[in-house]
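Structure file work-v8.cif; described as mmCIF, C-alpha atoms and all ligand atoms.
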data_protein
#
loop_
_atom_site.label_atom_id
_atom_site.label_comp_id
_atom_site.auth_asym_id
_atom_site.auth_seq_id
_atom_site.Cartn_x
_atom_site.Cartn_y
_atom_site.Cartn_z
CA MET Z 1 87.44 148.21 247.52
CA ALA Z 2 91.20 148.28 247.17
CA LEU Z 3 93.04 145.23 248.43
CA ARG Z 4 95.72 146.03 251.00
CA VAL Z 5 98.83 144.01 250.16
CA CYS Z 6 101.88 144.21 252.40
CA VAL Z 7 105.26 143.20 250.95
CA THR Z 8 108.25 143.04 253.30
CA GLY Z 9 111.85 143.24 252.14
CA ALA Z 10 110.53 145.92 249.82
CA ALA Z 11 113.99 147.34 249.08
CA GLY Z 12 115.32 143.93 248.05
CA GLN Z 13 115.81 142.28 244.70
CA ILE Z 14 112.79 139.92 244.76
CA ALA Z 15 110.46 142.79 245.66
CA TYR Z 16 111.77 144.81 242.74
CA SER Z 17 110.32 142.26 240.28
CA LEU Z 18 107.36 141.26 242.42
CA LEU Z 19 105.89 144.70 243.09
CA TYR Z 20 105.56 145.55 239.43
CA SER Z 21 103.87 142.25 238.69
CA ILE Z 22 101.36 142.68 241.54
CA ALA Z 23 100.72 146.34 240.77
CA LYS Z 24 99.87 145.71 237.13
CA GLY Z 25 97.25 143.13 238.02
CA ASP Z 26 98.99 139.83 237.31
CA VAL Z 27 98.21 138.35 240.71
CA PHE Z 28 94.90 139.60 242.09
CA GLY Z 29 93.20 140.27 238.79
CA ALA Z 30 93.02 142.96 236.14
CA ASP Z 31 90.07 144.74 237.86
CA GLN Z 32 91.31 144.65 241.45
CA GLN Z 33 92.44 147.98 242.87
CA LEU Z 34 95.42 147.81 245.19
CA GLU Z 35 97.10 149.58 248.07
CA LEU Z 36 100.69 148.46 248.51
CA LEU Z 37 102.25 148.56 251.96
CA LEU Z 38 106.02 148.38 251.62
CA LEU Z 39 107.96 147.35 254.71
CA ASP Z 40 111.71 147.32 255.14
CA ILE Z 41 114.17 148.18 257.92
CA PRO Z 42 114.95 151.85 258.74
CA PRO Z 43 118.35 152.01 256.92
CA MET Z 44 116.61 150.96 253.68
CA MET Z 45 113.88 153.61 253.72
CA ALA Z 46 115.53 155.81 251.10
CA VAL Z 47 115.66 152.83 248.74
CA VAL Z 48 112.00 151.98 249.41
CA GLU Z 49 111.11 155.59 248.64
CA GLY Z 50 112.88 155.12 245.30
CA VAL Z 51 110.87 151.96 244.61
CA LYS Z 52 107.73 153.90 245.47
CA MET Z 53 108.72 156.63 243.00
CA GLU Z 54 109.19 154.02 240.29
CA LEU Z 55 105.82 152.42 241.03
CA SER Z 56 104.24 155.84 240.57
CA ASP Z 57 106.16 156.34 237.34
CA CYS Z 58 104.82 153.04 235.99
CA SER Z 59 101.48 154.88 235.83
CA LEU Z 60 99.42 151.84 236.73
CA PRO Z 61 95.65 152.38 236.95
CA LEU Z 62 95.03 149.71 239.62
CA LEU Z 63 97.46 151.22 242.09
CA LYS Z 64 95.55 153.51 244.46
CA ASP Z 65 98.21 154.05 247.12
CA VAL Z 66 101.73 153.07 248.12
CA VAL Z 67 102.94 153.33 251.71
CA ALA Z 68 106.67 153.02 252.45
CA THR Z 69 107.36 152.28 256.09
CA ALA Z 70 109.61 150.64 258.67
CA ASP Z 71 106.77 150.49 261.19
CA TYR Z 72 105.03 147.13 261.67
CA LYS Z 73 101.70 148.64 262.65
CA GLU Z 74 101.55 150.83 259.56
CA ALA Z 75 102.65 147.93 257.34
CA PHE Z 76 100.14 145.36 258.55
CA LEU Z 77 97.16 147.58 259.48
CA ASN Z 78 94.00 146.09 257.92
CA ALA Z 79 96.14 144.10 255.48
CA ASP Z 80 94.32 141.53 253.32
CA VAL Z 81 97.54 139.87 252.17
CA ALA Z 82 101.10 139.81 253.52
CA ILE Z 83 104.02 138.54 251.47
CA LEU Z 84 106.94 138.23 253.87
CA VAL Z 85 110.05 138.40 251.71
CA GLY Z 86 112.46 140.26 254.00
CA ALA Z 87 114.66 138.09 256.21
CA MET Z 88 118.11 137.96 257.73
CA PRO Z 89 120.47 136.51 255.10
CA ARG Z 90 123.10 133.93 256.01
CA ARG Z 91 126.41 135.72 256.29
CA GLN Z 92 129.76 134.01 255.85
CA GLY Z 93 130.75 132.06 258.93
CA MET Z 94 127.25 132.26 260.39
CA GLU Z 95 126.05 129.09 262.12
CA ARG Z 96 122.65 127.70 261.13
CA LYS Z 97 121.52 128.19 264.73
CA ASP Z 98 122.37 131.90 264.62
CA LEU Z 99 120.46 132.27 261.35
CA LEU Z 100 117.41 130.58 262.86
CA LYS Z 101 117.68 132.81 265.92
CA ALA Z 102 117.90 136.06 263.96
CA ASN Z 103 114.95 135.08 261.82
CA ALA Z 104 112.88 133.81 264.72
CA LYS Z 105 113.11 137.31 266.17
CA ILE Z 106 112.00 138.96 262.92
CA PHE Z 107 109.09 136.61 262.27
CA GLU Z 108 108.00 136.63 265.91
CA GLY Z 109 107.64 140.41 265.69
CA GLN Z 110 105.85 140.30 262.35
CA GLY Z 111 103.55 137.47 263.53
CA LYS Z 112 102.53 139.52 266.55
CA ALA Z 113 101.92 142.59 264.41
CA ILE Z 114 99.79 140.57 261.99
CA ASN Z 115 97.86 139.19 264.95
CA ASP Z 116 97.23 142.68 266.33
CA TYR Z 117 96.67 144.80 263.23
CA ALA Z 118 95.83 142.79 260.11
CA LYS Z 119 92.39 141.61 258.99
CA LYS Z 120 91.54 138.21 260.49
CA THR Z 121 91.05 136.92 256.96
CA ILE Z 122 94.60 137.86 255.94
CA LYS Z 123 96.52 135.41 253.74
CA VAL Z 124 100.20 135.26 254.66
CA LEU Z 125 102.87 133.91 252.32
CA VAL Z 126 106.37 133.54 253.76
CA VAL Z 127 109.26 133.65 251.30
CA GLY Z 128 112.27 134.72 253.41
CA ASN Z 129 114.46 131.77 254.36
CA PRO Z 130 114.33 129.41 256.14
CA ALA Z 131 110.84 129.85 254.71
CA ASN Z 132 109.00 126.89 256.28
CA THR Z 133 110.24 127.57 259.78
CA ASN Z 134 109.82 131.34 259.49
CA CYS Z 135 106.23 130.65 258.45
CA LEU Z 136 105.71 128.40 261.47
CA ILE Z 137 107.03 131.12 263.79
CA THR Z 138 104.78 133.74 262.20
CA LYS Z 139 101.74 131.48 262.55
CA THR Z 140 102.62 130.60 266.16
CA CYS Z 141 102.82 134.31 267.05
CA ALA Z 142 99.47 135.13 265.38
CA PRO Z 143 97.06 132.83 267.24
CA SER Z 144 93.98 134.88 266.30
CA ILE Z 145 94.45 134.08 262.59
CA PRO Z 146 93.48 130.58 261.32
CA ALA Z 147 96.45 128.27 260.68
CA ALA Z 148 95.17 127.69 257.14
CA ASN Z 149 95.89 131.37 256.34
CA PHE Z 150 99.67 130.80 256.49
CA SER Z 151 101.79 129.23 253.79
CA CYS Z 152 105.36 129.28 252.56
CA LEU Z 153 106.78 129.34 249.06
CA THR Z 154 107.84 126.09 247.39
CA ARG Z 155 106.35 127.08 244.03
CA LEU Z 156 109.76 128.12 242.71
CA ASP Z 157 110.92 124.54 243.28
CA GLN Z 158 107.80 123.26 241.52
CA ASN Z 159 108.39 125.59 238.57
CA ARG Z 160 112.03 124.50 238.37
CA ALA Z 161 110.94 120.85 238.31
CA GLN Z 162 108.27 121.48 235.67
CA TYR Z 163 110.85 123.15 233.45
CA GLN Z 164 113.36 120.30 233.79
CA VAL Z 165 110.78 117.69 232.77
CA ALA Z 166 109.28 119.84 229.98
CA ASN Z 167 112.72 120.52 228.55
CA ARG Z 168 113.58 116.83 228.62
CA VAL Z 169 110.34 115.77 226.91
CA GLY Z 170 110.30 118.73 224.50
CA VAL Z 171 106.94 120.26 225.46
CA PRO Z 172 106.02 123.73 226.81
CA CYS Z 173 106.26 123.97 230.65
CA ASP Z 174 102.50 124.27 231.13
CA LYS Z 175 102.01 120.82 229.64
CA VAL Z 176 103.70 119.27 232.68
CA ARG Z 177 101.20 119.02 235.53
CA ASN Z 178 101.04 117.72 239.10
CA VAL Z 179 104.71 117.73 240.00
CA ILE Z 180 104.95 117.63 243.79
CA ILE Z 181 107.44 119.28 246.11
CA TRP Z 182 107.41 117.57 249.51
CA GLY Z 183 108.85 119.08 252.67
CA ASN Z 184 111.32 121.84 253.30
CA HIS Z 185 112.40 124.57 250.87
CA SER Z 186 116.00 123.40 251.29
CA ALA Z 187 118.34 120.83 249.81
CA THR Z 188 116.37 118.04 251.58
CA GLN Z 189 113.17 118.80 249.64
CA PHE Z 190 111.77 115.93 247.57
CA PRO Z 191 110.65 116.85 244.04
CA ASP Z 192 108.37 113.96 243.08
CA VAL Z 193 107.04 113.25 239.60
CA SER Z 194 105.47 109.86 240.36
CA GLN Z 195 101.97 111.36 239.98
CA ALA Z 196 102.86 113.95 237.34
CA VAL Z 197 101.60 113.87 233.78
CA VAL Z 198 102.48 115.38 230.42
CA VAL Z 199 99.25 116.70 228.93
CA THR Z 200 99.10 116.79 225.14
CA ASN Z 201 96.19 115.11 223.36
CA GLU Z 202 96.36 112.56 226.13
CA ARG Z 203 97.70 112.45 229.67
CA THR Z 204 100.99 110.51 229.75
CA PRO Z 205 102.64 109.77 233.11
CA VAL Z 206 105.97 111.59 233.34
CA TYR Z 207 107.87 108.34 233.88
CA ALA Z 208 106.46 107.01 230.57
CA ALA Z 209 107.11 110.30 228.74
CA VAL Z 210 110.70 110.75 229.96
CA LYS Z 211 111.68 107.07 229.67
CA ASP Z 212 114.71 107.51 231.92
CA ASP Z 213 113.97 106.33 235.47
CA ALA Z 214 117.59 106.69 236.54
CA TRP Z 215 117.54 110.40 235.66
CA LEU Z 216 114.19 111.00 237.35
CA LYS Z 217 115.37 109.28 240.55
CA GLY Z 218 118.85 110.80 240.46
CA ASP Z 219 120.11 113.90 238.68
CA PHE Z 220 116.64 115.39 238.24
CA ILE Z 221 116.11 115.43 242.02
CA SER Z 222 119.55 116.79 242.86
CA THR Z 223 119.27 119.48 240.15
CA ILE Z 224 116.11 120.85 241.80
CA GLN Z 225 117.53 120.52 245.31
CA THR Z 226 120.63 122.52 244.38
CA ARG Z 227 119.20 124.91 241.78
CA GLY Z 228 119.16 127.88 244.16
CA ALA Z 229 122.86 127.41 244.88
CA ALA Z 230 123.60 127.04 241.15
CA VAL Z 231 121.91 130.39 240.44
CA ILE Z 232 123.91 132.06 243.21
CA ALA Z 233 127.15 130.60 241.85
CA ALA Z 234 126.37 131.94 238.37
CA ARG Z 235 124.76 135.27 239.20
CA LYS Z 236 126.50 136.05 242.50
CA LEU Z 237 123.00 136.87 243.69
CA SER Z 238 120.14 134.58 244.64
CA SER Z 239 117.11 133.87 242.44
CA ALA Z 240 114.95 136.97 242.18
CA MET Z 241 113.07 137.13 238.86
CA SER Z 242 112.06 133.47 239.11
CA ALA Z 243 111.21 133.85 242.80
CA ALA Z 244 108.93 136.81 242.04
CA LYS Z 245 107.23 134.82 239.25
CA ALA Z 246 106.68 131.89 241.64
CA ILE Z 247 105.25 134.17 244.35
CA GLY Z 248 102.77 135.51 241.78
CA ASP Z 249 101.81 131.97 240.72
CA HIS Z 250 101.34 130.87 244.36
CA MET Z 251 99.24 133.87 245.36
CA ARG Z 252 97.13 133.85 242.19
CA ASP Z 253 96.24 130.19 242.68
CA TRP Z 254 95.43 130.81 246.37
CA TRP Z 255 93.17 133.67 245.32
CA PHE Z 256 91.46 132.20 242.27
CA GLY Z 257 91.82 128.43 242.82
CA THR Z 258 93.40 125.54 240.96
CA GLN Z 259 92.07 123.88 237.81
CA PRO Z 260 90.17 120.59 238.09
CA ASP Z 261 92.54 117.57 238.04
CA GLU Z 262 95.45 119.82 238.94
CA TRP Z 263 97.33 120.56 242.08
CA VAL Z 264 100.17 122.83 243.17
CA SER Z 265 102.70 122.66 245.98
CA MET Z 266 102.61 124.95 249.00
CA GLY Z 267 104.19 124.80 252.43
CA VAL Z 268 101.17 124.45 254.75
CA PHE Z 269 100.41 123.51 258.35
CA SER Z 270 100.62 119.73 258.59
CA ASP Z 271 97.62 117.83 259.90
CA GLY Z 272 99.54 114.55 259.88
CA SER Z 273 98.66 113.68 256.26
CA TYR Z 274 100.99 111.10 254.69
CA GLY Z 275 102.50 110.28 258.07
CA ILE Z 276 104.24 113.65 258.41
CA PRO Z 277 104.30 114.94 262.00
CA GLU Z 278 101.50 117.39 262.79
CA GLY Z 279 102.37 121.02 263.35
CA LEU Z 280 105.13 121.50 260.79
CA ILE Z 281 104.93 123.83 257.81
CA TYR Z 282 105.52 121.10 255.21
CA SER Z 283 105.16 121.39 251.45
CA TYR Z 284 102.28 119.26 250.18
CA PRO Z 285 100.30 118.99 246.95
CA VAL Z 286 97.14 121.06 247.45
CA LYS Z 287 93.97 121.86 245.56
CA ILE Z 288 92.43 125.27 246.12
CA SER Z 289 88.84 126.43 245.89
CA GLY Z 290 87.16 129.48 247.43
CA LYS Z 291 90.57 130.66 248.73
CA GLU Z 292 90.85 127.49 250.86
CA TRP Z 293 93.51 124.86 250.19
CA SER Z 294 93.16 121.16 250.94
CA ILE Z 295 95.89 118.54 250.83
CA VAL Z 296 95.46 116.05 247.98
CA GLN Z 297 94.77 112.72 249.68
CA GLY Z 298 94.97 109.06 248.79
CA MET Z 299 98.21 108.90 246.82
CA GLU Z 300 100.33 105.79 247.16
CA ILE Z 301 103.74 106.46 248.64
CA SER Z 302 106.59 104.19 247.50
CA ASP Z 303 109.46 103.19 249.79
CA PHE Z 304 111.71 105.45 247.71
CA ALA Z 305 109.42 108.43 248.36
CA ARG Z 306 108.81 107.54 252.02
CA GLU Z 307 112.46 107.78 252.89
CA LYS Z 308 112.85 111.17 251.21
CA MET Z 309 109.63 112.59 252.68
CA ASP Z 310 110.73 111.54 256.18
CA ALA Z 311 114.24 112.94 255.79
CA THR Z 312 112.94 116.42 254.94
CA ALA Z 313 110.38 116.19 257.78
CA LYS Z 314 113.20 115.36 260.19
CA GLU Z 315 115.09 118.48 259.14
CA LEU Z 316 111.95 120.56 259.70
CA MET Z 317 111.44 119.04 263.17
CA GLU Z 318 114.97 120.07 264.10
CA GLU Z 319 114.50 123.59 262.74
CA LYS Z 320 111.19 123.90 264.57
CA GLU Z 321 112.66 122.85 267.89
CA ALA Z 322 115.56 125.29 267.58
CA ALA Z 323 113.44 128.21 266.36
CA LEU Z 324 110.71 127.80 269.00
CA SER Z 325 113.36 127.80 271.73
CA PHE Z 326 114.34 131.33 270.65
CA LEU Z 327 110.86 132.82 271.02
CA GLY Z 328 110.47 135.47 273.69
CA GLN Z 329 114.22 136.11 273.89
P1 LIG T 1 117.58 141.00 249.41
O1 LIG T 1 118.72 140.91 250.36
O2 LIG T 1 117.78 141.60 248.08
O3 LIG T 1 116.39 141.80 250.13
C1 LIG T 1 115.94 141.50 251.40
C2 LIG T 1 115.34 142.75 251.99
O4 LIG T 1 114.74 142.41 253.24
C3 LIG T 1 116.38 143.84 252.28
O5 LIG T 1 115.97 145.05 251.71
C4 LIG T 1 116.39 143.90 253.81
O6 LIG T 1 116.68 145.20 254.30
C5 LIG T 1 114.97 143.47 254.11
N1 LIG T 1 114.74 143.07 255.51
C6 LIG T 1 115.59 142.47 256.37
N2 LIG T 1 115.01 142.33 257.57
C7 LIG T 1 113.77 142.84 257.47
C8 LIG T 1 112.70 143.01 258.39
N3 LIG T 1 112.81 142.64 259.67
N4 LIG T 1 111.55 143.59 257.94
C9 LIG T 1 111.45 144.00 256.68
N5 LIG T 1 112.43 143.89 255.77
C10 LIG T 1 113.58 143.31 256.16
O7 LIG T 1 116.99 139.51 249.32
P2 LIG T 1 116.05 138.88 248.21
O8 LIG T 1 116.90 138.35 247.12
O9 LIG T 1 114.95 139.80 247.89
O10 LIG T 1 115.52 137.58 249.01
C11 LIG T 1 114.69 137.70 250.12
C12 LIG T 1 114.52 136.37 250.82
O11 LIG T 1 113.91 135.41 249.96
C13 LIG T 1 115.82 135.74 251.30
O12 LIG T 1 115.62 135.26 252.63
C14 LIG T 1 115.99 134.55 250.37
O13 LIG T 1 116.74 133.52 250.95
C15 LIG T 1 114.55 134.16 250.15
N6 LIG T 1 114.25 133.31 248.99
C16 LIG T 1 113.30 132.34 249.16
C17 LIG T 1 112.87 131.55 248.11
C18 LIG T 1 111.81 130.53 248.30
O14 LIG T 1 111.54 129.81 247.35
N7 LIG T 1 111.18 130.37 249.46
C19 LIG T 1 113.48 131.68 246.76
C20 LIG T 1 114.17 132.98 246.55
C21 LIG T 1 114.93 133.50 247.73
O15 LIG T 1 116.16 132.82 247.82
#
Mind turning the file's structure into structure tokens?
Ligand code: NAX
Amino acid sequence: MALRVCVTGAAGQIAYSLLYSIAKGDVFGADQQLELLLLDIPPMMAVVEGVKMELSDCSLPLLKDVVATADYKEAFLNADVAILVGAMPRRQGMERKDLLKANAKIFEGQGKAINDYAKKTIKVLVVGNPANTNCLITKTCAPSIPAANFSCLTRLDQNRAQYQVANRVGVPCDKVRNVIIWGNHSATQFPDVSQAVVVTNERTPVYAAVKDDAWLKGDFISTIQTRGAAVIAARKLSSAMSAAKAIGDHMRDWWFGTQPDEWVSMGVFSDGSYGIPEGLIYSYPVKISGKEWSIVQGMEISDFAREKMDATAKELMEEKEAALSFLGQ
């Protein structure tokens, strides 16, 4: 049976990299047939039709059907997976409150449509910013779908952190494991390598491998927190290729599971683990098996980490309060 995968923001720059990667089998497996449901807003339909033409021209054997639509029902009907990339971008002079309001409206509508039309087993990954809070709104508006089926993307931050450490130590990126991104996909996020290891013939803690605590507690953290802005400054466009790669990594791990002794970071519905308020979409280290994630428990949290984990939780509480107040308007 073909898997029905909805991607929103289908005319945008992330989707342009992402759709090819999904359609050629990188994410759901080399044997999994696919139907792609491409959603964007009505003025972008001609562009989505162009993307659809290109997908056809890629001549990909797994791709059974491509639907281009601006209609929520058509986009989410019987969907197995939804990757919500489309969002209202922050325009110059726009207040944070106005951004939250515009996005609350979008994700309220999409949450309701997922609730009404998608499969109850659907996995939803929210990418459009503010990703954590947009994910919370979507989940809130889809009460018939389990909370565990919603997540937001912090894998790009994890990948950025892995690269920075690997580059410093001089090993390939995949040798750096168990980096954690805590909290919000924003400048308050806390990239934490206190549990991370460099895996060569042995497993060396990152602090021992890097041998520069000041860098790991200072510039390393701020580099990850501001990397998105640095890419925009250089490219005049936000991260797209790397975002699409991270979406593929996130979804593939959710689908096929994580390796033993390894975890990945995902924004998930907080159950109060590590003293974070319940009911936020907060990025935690998770292990995945049988398409179900569980938060890695039992790690010691230093005072240094505590302060940073609480600061990003506080920002998410404020976003949540503002965004929920806009629902139904
Ligand atoms: P683009 O502006 O290139 O594309 C966005 C697309 O979404 C546009 O085609 C637009 O028409 C569409 N759209 C707007 N409202 C929609 C709606 N209600 N339904 C369906 N489609 C809608 O942006 P792109 O570079 O692709 O980025 C998309 C989003 O990803 C942005 O919100 C961006 O901030 C966010 N990102 C999140 C990241 C993360 O790690 N969580 C990293 C990358 C990226 O910055």
Produce as number ranges by chain the set of residues near ligand LIG 1 (chain T), where near means within 6 Å with all atoms listed in the file considered. Z: 8-15, 39-41, 44, 85-89, 106, 127-129, 131, 153-154, 156, 238-240, 243
Let's have the selection written as a tab-separated table (two decimals), keeping the file's coordinate frame, with C-alpha atoms.
chain	number	residue	atom	x	y	z
Z	8	THR	CA	108.25	143.04	253.30
Z	9	GLY	CA	111.85	143.24	252.14
Z	10	ALA	CA	110.53	145.92	249.82
Z	11	ALA	CA	113.99	147.34	249.08
Z	12	GLY	CA	115.32	143.93	248.05
Z	13	GLN	CA	115.81	142.28	244.70
Z	14	ILE	CA	112.79	139.92	244.76
Z	15	ALA	CA	110.46	142.79	245.66
Z	39	LEU	CA	107.96	147.35	254.71
Z	40	ASP	CA	111.71	147.32	255.14
Z	41	ILE	CA	114.17	148.18	257.92
Z	44	MET	CA	116.61	150.96	253.68
Z	85	VAL	CA	110.05	138.40	251.71
Z	86	GLY	CA	112.46	140.26	254.00
Z	87	ALA	CA	114.66	138.09	256.21
Z	88	MET	CA	118.11	137.96	257.73
Z	89	PRO	CA	120.47	136.51	255.10
Z	106	ILE	CA	112.00	138.96	262.92
Z	127	VAL	CA	109.26	133.65	251.30
Z	128	GLY	CA	112.27	134.72	253.41
Z	129	ASN	CA	114.46	131.77	254.36
Z	131	ALA	CA	110.84	129.85	254.71
Z	153	LEU	CA	106.78	129.34	249.06
Z	154	THR	CA	107.84	126.09	247.39
Z	156	LEU	CA	109.76	128.12	242.71
Z	238	SER	CA	120.14	134.58	244.64
Z	239	SER	CA	117.11	133.87	242.44
Z	240	ALA	CA	114.95	136.97	242.18
Z	243	ALA	CA	111.21	133.85	242.80
Name the residues within 6 Å of (100.4, 134.3, 267.8), counting only C-alpha atoms in the file's coordinates, and put them as a VMD selection string. chain Z and resid 112 140 to 143
What separation in Å, quoted to one decimal, exists between CA of Gly275 (chain Z) and CA of Phe220 (chain Z)? 24.9 Å
Name the residues in contact with region 116-126 of chain Z at a cut-off of 7 Å, using all atoms listed in the file, excluding same-chain residues fewer than 3 positions from it; report them as a ChimeraX atom specification. /Z:73,76-85,112-113,131,135,145,149-153
Among the residues Z:Met45, Z:Ile114, Z:Ala70, Z:Ile295, the one that comes closest to Ile180 (chain Z) [using only C-alpha atoms]: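 For Ile180 (chain Z), the nearest of the given residues is Z:Ile295.
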What does the distance between CA of Ser289 (chain Z) and CA of Trp254 (chain Z) come to in Å, to one decimal place?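 So the answer is 7.9 Å.
Ranking Z:Met309, Z:Ala68, Z:Leu18, Z:Val176 by their shortest atom-to-atom distance to Arg160 (chain Z), with only C-alpha atoms included, puts Z:Val176 first.
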Give me, please, the distance in Å between CA of Thr138 (chain Z) and CA of Gly109 (chain Z), quoted to one decimal.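 Those two atoms sit 8.1 Å apart.
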Pick the closest to Ile181 (chain Z) from Z:Ile276, Z:Leu136, Z:Ala104, Z:Val286: which is it, counting all atoms listed in the file?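 With all atoms listed in the file as the atom set, the closest residue is Z:Val286.
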Which residues of region 222-285 of chain Z sit at most 9 Å from region 314-325 of chain Z, using all atoms listed in the file? Give each one's shortest atom pair and distance in Å (one decimal place), in chain and ascending residue order, as CSV.
residue,atom,partner,partner_atom,distance
Z:Pro277,CA,Z:Met317,CA,8.3
Z:Leu280,CA,Z:Leu316,CA,7.0
Z:Ile281,CA,Z:Leu316,CA,8.0
Z:Tyr282,CA,Z:Leu316,CA,7.9
For those residues, write C-alpha atoms to a file as a CSV table (one decimal), keeping the file's coordinate frame.
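Produced file selection33.csv, reproduced below:
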chain,number,residue,atom,x,y,z
Z,277,PRO,CA,104.3,114.9,262.0
Z,280,LEU,CA,105.1,121.5,260.8
Z,281,ILE,CA,104.9,123.8,257.8
Z,282,TYR,CA,105.5,121.1,255.2
Pro42 (chain Z): which residues within 10 Å, counting all atoms listed in the file, same-chain residues fewer than 6 positions away excluded, as a list of chain:residue names?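 Everything that qualifies: Z:Val48, Z:Thr69, Z:Ala70, Z:Asp71.
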Any idea what's packed within 10 Å of Asn159 (chain Z), counting all atoms listed in the file, ignoring anything in its chain fewer than 5 positions away? Could you give it as a PyMOL selection string? chain Z and resi 154+164+173-174+176+179+181+224+242-243+245-246+249+264-265
Please complete region 25-39 of chain Z so it has N, CA, C and O atoms, and hand it over as a short mmCIF file (atom, residue, chain, number, x, y, z; two decimals), in the coordinates of the input.
data_model
loop_
_atom_site.label_atom_id
_atom_site.label_comp_id
_atom_site.auth_asym_id
_atom_site.auth_seq_id
_atom_site.Cartn_x
_atom_site.Cartn_y
_atom_site.Cartn_z
N GLY Z 25 98.46 143.96 238.03
CA GLY Z 25 97.25 143.13 238.02
C GLY Z 25 97.45 141.66 237.71
O GLY Z 25 96.50 140.91 237.55
N ASP Z 26 98.72 141.23 237.66
CA ASP Z 26 98.99 139.83 237.31
C ASP Z 26 98.51 138.84 238.37
O ASP Z 26 98.30 137.67 238.06
N VAL Z 27 98.42 139.30 239.61
CA VAL Z 27 98.21 138.35 240.71
C VAL Z 27 96.77 138.35 241.22
O VAL Z 27 96.16 137.29 241.37
N PHE Z 28 96.23 139.52 241.48
CA PHE Z 28 94.90 139.60 242.09
C PHE Z 28 93.82 139.98 241.07
O PHE Z 28 92.67 140.23 241.45
N GLY Z 29 94.19 140.04 239.82
CA GLY Z 29 93.20 140.27 238.79
C GLY Z 29 93.29 141.65 238.17
O GLY Z 29 93.73 142.62 238.81
N ALA Z 30 92.87 141.74 236.94
CA ALA Z 30 93.02 142.96 236.14
C ALA Z 30 92.06 144.07 236.57
O ALA Z 30 92.20 145.22 236.13
N ASP Z 31 91.04 143.72 237.42
CA ASP Z 31 90.07 144.74 237.86
C ASP Z 31 90.24 145.10 239.33
O ASP Z 31 89.45 145.88 239.87
N GLN Z 32 91.20 144.48 239.99
CA GLN Z 32 91.31 144.65 241.45
C GLN Z 32 92.21 145.82 241.81
O GLN Z 32 93.42 145.79 241.57
N GLN Z 33 91.62 146.86 242.42
CA GLN Z 33 92.44 147.98 242.87
C GLN Z 33 93.29 147.56 244.06
O GLN Z 33 92.91 146.68 244.83
N LEU Z 34 94.43 148.24 244.19
CA LEU Z 34 95.42 147.81 245.19
C LEU Z 34 95.97 148.97 245.99
O LEU Z 34 96.17 150.07 245.45
N GLU Z 35 96.26 148.69 247.26
CA GLU Z 35 97.10 149.58 248.07
C GLU Z 35 98.30 148.75 248.49
O GLU Z 35 98.13 147.69 249.09
N LEU Z 36 99.48 149.21 248.15
CA LEU Z 36 100.69 148.46 248.51
C LEU Z 36 101.31 149.05 249.77
O LEU Z 36 101.51 150.27 249.88
N LEU Z 37 101.63 148.16 250.71
CA LEU Z 37 102.25 148.56 251.96
C LEU Z 37 103.66 147.98 251.95
O LEU Z 37 103.84 146.76 251.99
N LEU Z 38 104.65 148.84 251.81
CA LEU Z 38 106.02 148.38 251.62
C LEU Z 38 106.81 148.50 252.92
O LEU Z 38 107.03 149.60 253.41
N LEU Z 39 107.21 147.35 253.45
CA LEU Z 39 107.96 147.35 254.71
C LEU Z 39 109.41 146.97 254.47
O LEU Z 39 109.70 146.00 253.77
#
